[in-house]
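Worksheet: one structure, shown below.
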Amino acid sequence: MRLLERIRKEWFMVGIVLAIAAAKLEPSIGVNGGPLKPEITVSYIAVATIFFNSGLSLKTEELTSALVHVKLHLFIQVFTLAFFPAAIWLFLQLLSITPINEWLLKGLQTVGCMPPPVSSAVILTKAVGGNEAAAIFNSAFGSFLGIIVTPLLLLLFLGSSSTVPFTSIFSQLFMTVVVPLIIGQTVRRYIKDWLERKKPPFGAVSSSVLLMIIYTTFCDTFSNPNIDLDKFSLVVILFIIFSIQLSFMLLTFIFSTRNNSGFTPADTVAIIFCSTHKSLTLGIPMLKIVFAGHEHLSLISVPLLIYHPAQILLGSVLVPTIKSWMVSRQKGVKLTRPTV
């Protein structure tokens, strides 16, 4: 009974495993030109559905109160979209001399280029009791920024423009990401009360569509006889991902708790999660567009597929520790505050 409950709770993780297993069993169903026609159903319809859904669910009206904290937002966005990808690039210069699969290493770089997620960072910040408004704002704002910045970073660090023209990438991104997002936000204005009342399962809808994208991506992989993924590379990448997350969480903690930082303990919590988490919901569709037709697309996607559950797992494990630190710091602040 407890196992069923666990599976129900972690259905998306189970879904990823099943989607990859199904792709391995019969890859011909989900390849380009196959019965599912992913070149249309995934590249356009599925991706647009995810971003329309995001536009519909983003509570932009709640973000105005968080707007004034410019220093906090600047810290998170610069760390996520500038420091993170640059640090990974430097690290990969060292790893390039190792026998680790080069496409998995390129995948690590794509992880660095991704924007923050709309959900996990907010959920964990809320679980700790941190600055939830700042987490919501930075996740939403980072997602909007990511639509423009992430493809530029991918082209800068990976030079993927050799397979897809620059203008083609941005026109497809505009049509399948920006337009559905704007339509979603516009529709939200008219049905806001109904959405608040009914609370549709936005997360479940996006996750289900994402499983279809993951399935077709791996169908392409398994139908390509030239791709060989060694277990050594996979295990090393797994270790590197956990190490990167822990190191960056520690780094953001150190920077945001300095005496002259100006951040409260609640701000620090939002910074730790928002700066180090990366979006799978935005990431996989973007990789699908930027690396369209690339034979190693699924290998490039593997580190992001690992990073997503890893960040939730690590974050969940650290929630009690971060919460007790924040509570003790807040008590300390109250005690040292002079009484009038």
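In the structure tokens, the first chain shown is A, the next is B, and so on; residue numbers restart at 1 for each chain, and ligands run from 1 in the order shown.
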
Report as a ChimeraX atom specification all protein, DNA and RNA residues lying within 12 Å of Leu105 of chain A, evaluated on only C-alpha atoms, omitting residues in the same chain fewer than 6 positions from it.
/A:88-99,111-112,157-158,233-234,236-238,240-241,296,299-304

Identify, on the basis of only C-alpha atoms, every residue whose closest approach to Thr80 of chain A does not exceed 9 Å; exclude the query and any residue fewer than 6 positions from it along the same chain; express the result as an NGL selection string.
:A and (112-116 or 142 or 274-278)

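For the pair atom CA of Asn101 of chain A and atom CA of Leu18 of chain A, the interatomic distance is 24.1 Å.
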
Which residues, written as number ranges by chain, have at least one atom at most 12 Å from Ile191 of chain A, with only C-alpha atoms counted and residues fewer than 6 positions away on the same chain left out?
A: 56-57, 184-185, 197-200

Assign secondary structure with DSSP using the backbone only, and return the residues of segment 19-138 of chain A in helix (DSSP H, G or I) as an NGL selection string.
:A and (19-25 or 27-29 or 38-57 or 60-62 or 64-66 or 70-95 or 102-113 or 120-128 or 132-138)

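Checking A:Gly30, A:Pro180, A:Pro265, A:Gly203 one by one against Ile322 of chain A, counting only C-alpha atoms, you find the shortest gap at A:Pro265.
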
Just to confirm, what's the straight-line distance from atom CA of Leu318 of chain A to atom CA of Ile244 of chain A in Å (one decimal)?
15.3 Å

Which residues of segment 243-300 of chain A have any atom within 8 Å of an atom in segment 143-155 of chain A when counting only C-alpha atoms, and what is the closest pair of atoms for each, with the distance in Å to one decimal? Order the rows by chain and rising number and write it as a tab-separated table.
```
residue	atom	partner	partner_atom	distance
A:Leu282	CA	A:Ser143	CA	7.6
A:Met286	CA	A:Pro151	CA	7.4
A:Val290	CA	A:Pro151	CA	6.9
```

Within 12 Å of Thr49 of chain A, counting only C-alpha atoms, which residues show up once you throw out same-chain ones fewer than 3 positions away? Write them as a ChimeraX atom specification, please.
/A:41-46,52-56,175-181,183-184,202,205-210,212-213,281-282,285

Here is a test: counting only C-alpha atoms, which residue of A:Leu297, A:Ala292, A:Leu314, A:Ile271 is nearest to Phe79 of chain A?
A:Ile271
